[in-house]
Amino acid sequence: MKTQGSAVWQGGLKDGKGAISTKSGALAHYPYGFAARFEGKSGTNPEELIGAAHAGCFTMALSLILGEAHLTADQMETTAEVTLDKEGDGYAITAVHLTLTAKIPGIDQAQFEELAGQAKAGCPVSKLLKAHITMDAQLVA
């Protein structure tokens with residue numbers, strides 16, 4: 001499988017503006033820029049998109065692993081907090097922290113943590129990132 005995303009940029013780093021798009025059309029010319037990335041202004045940024053991609057990938061991977069164990073989640077919600085740190089003259093994504101809350105009938109906390117750990121290690125986005133990946137997994141009734 002191959003897919004794509006694209007970006008356009010006009011202007012300098014701080015005063016410029018950009019737009020990102022996805023092949024599916026889920027994002028079409030969606031604004032991003034320095035102010036959205038570093039100053040909390042409206043628009044998106046690469047780290048936020050990586051967080052969404054990682055949360056989605058991890059949650060789908062866990063769904064697969066649960067299915068292999070003959071379990072099905074009623075609901076799973078994952079947040080991926082991405083840390084961007086200054087390193088030398090540039091920046092690097094140094095860490096991602098996954099926070100998972102799930103309602104899964106027929107599973108105990110130990111099995112839940114084991115399967116979630118497998119998903120964290122096996123998800124393709126986790127494999128892509130060089131960042132330190134941590135996780136909190138909470139099973140709710």
# chains A, B, ... in the order shown; residues from 1 in each chain; ligands from 1
>>> select_by_dssp(residues="chain A", states="alpha helix (DSSP H)", output="PyMOL selection string")
chain A and resi 34-38+46-68+109-122+124-128
>>> closest_residue(among="A:Asp89, A:Ala131, A:Thr101, A:Ala116", to="Met76 of chain A", atoms="only C-alpha atoms")
A:Thr101
>>> select_by_dssp(residues="chain A", states="strand (DSSP E)", output="number ranges by chain")
A: 5-10, 17-22, 30-32, 75-87, 90-103, 132-139
>>> atom_distance(atom1="atom CA of Ala35 of chain A", atom2="atom CA of Ile20 of chain A")
15.2 Å
>>> closest_atom_pairs(of="segment 21-116 of chain A", to="segment 5-11 of chain A", cutoff="10 Å", atoms="only C-alpha atoms", output="JSON lines")
{"residue": "A:Ser21", "atom": "CA", "partner": "A:Ser6", "partner_atom": "CA", "distance": 5.2}
{"residue": "A:Thr22", "atom": "CA", "partner": "A:Gly5", "partner_atom": "CA", "distance": 4.3}
{"residue": "A:Lys23", "atom": "CA", "partner": "A:Gly5", "partner_atom": "CA", "distance": 5.9}
{"residue": "A:Ser24", "atom": "CA", "partner": "A:Gly5", "partner_atom": "CA", "distance": 8.8}
{"residue": "A:Gly25", "atom": "CA", "partner": "A:Gly5", "partner_atom": "CA", "distance": 9.5}
{"residue": "A:Leu27", "atom": "CA", "partner": "A:Gly5", "partner_atom": "CA", "distance": 8.9}
{"residue": "A:Ala28", "atom": "CA", "partner": "A:Ser6", "partner_atom": "CA", "distance": 9.5}
{"residue": "A:His29", "atom": "CA", "partner": "A:Ala7", "partner_atom": "CA", "distance": 8.0}
{"residue": "A:Tyr30", "atom": "CA", "partner": "A:Ala7", "partner_atom": "CA", "distance": 9.2}
{"residue": "A:Pro31", "atom": "CA", "partner": "A:Ala7", "partner_atom": "CA", "distance": 9.5}
{"residue": "A:Tyr32", "atom": "CA", "partner": "A:Trp9", "partner_atom": "CA", "distance": 9.0}
{"residue": "A:Gly33", "atom": "CA", "partner": "A:Trp9", "partner_atom": "CA", "distance": 8.6}
>>> closest_residue(among="A:Ala110, A:Ala52, A:Leu71, A:Ile104", to="Ala141 of chain A", atoms="only C-alpha atoms")
A:Ile104
>>> atom_distance(atom1="atom CA of Asp136 of chain A", atom2="atom CA of Ala95 of chain A")
13.9 Å
>>> closest_residue(among="A:Ala80, A:Ala102, A:Leu115, A:Ala53", to="Leu128 of chain A", atoms="only C-alpha atoms")
A:Ala53
>>> residues_around(residues="His70 of chain A", least_positions_apart="4", cutoff="12 Å", atoms="only C-alpha atoms", output="MDAnalysis selection string")
chainID A and resid 63:66 104:107
>>> closest_residue(among="A:Val140, A:Val96, A:Leu129, A:Val82", to="Gln109 of chain A", atoms="only C-alpha atoms")
A:Val140
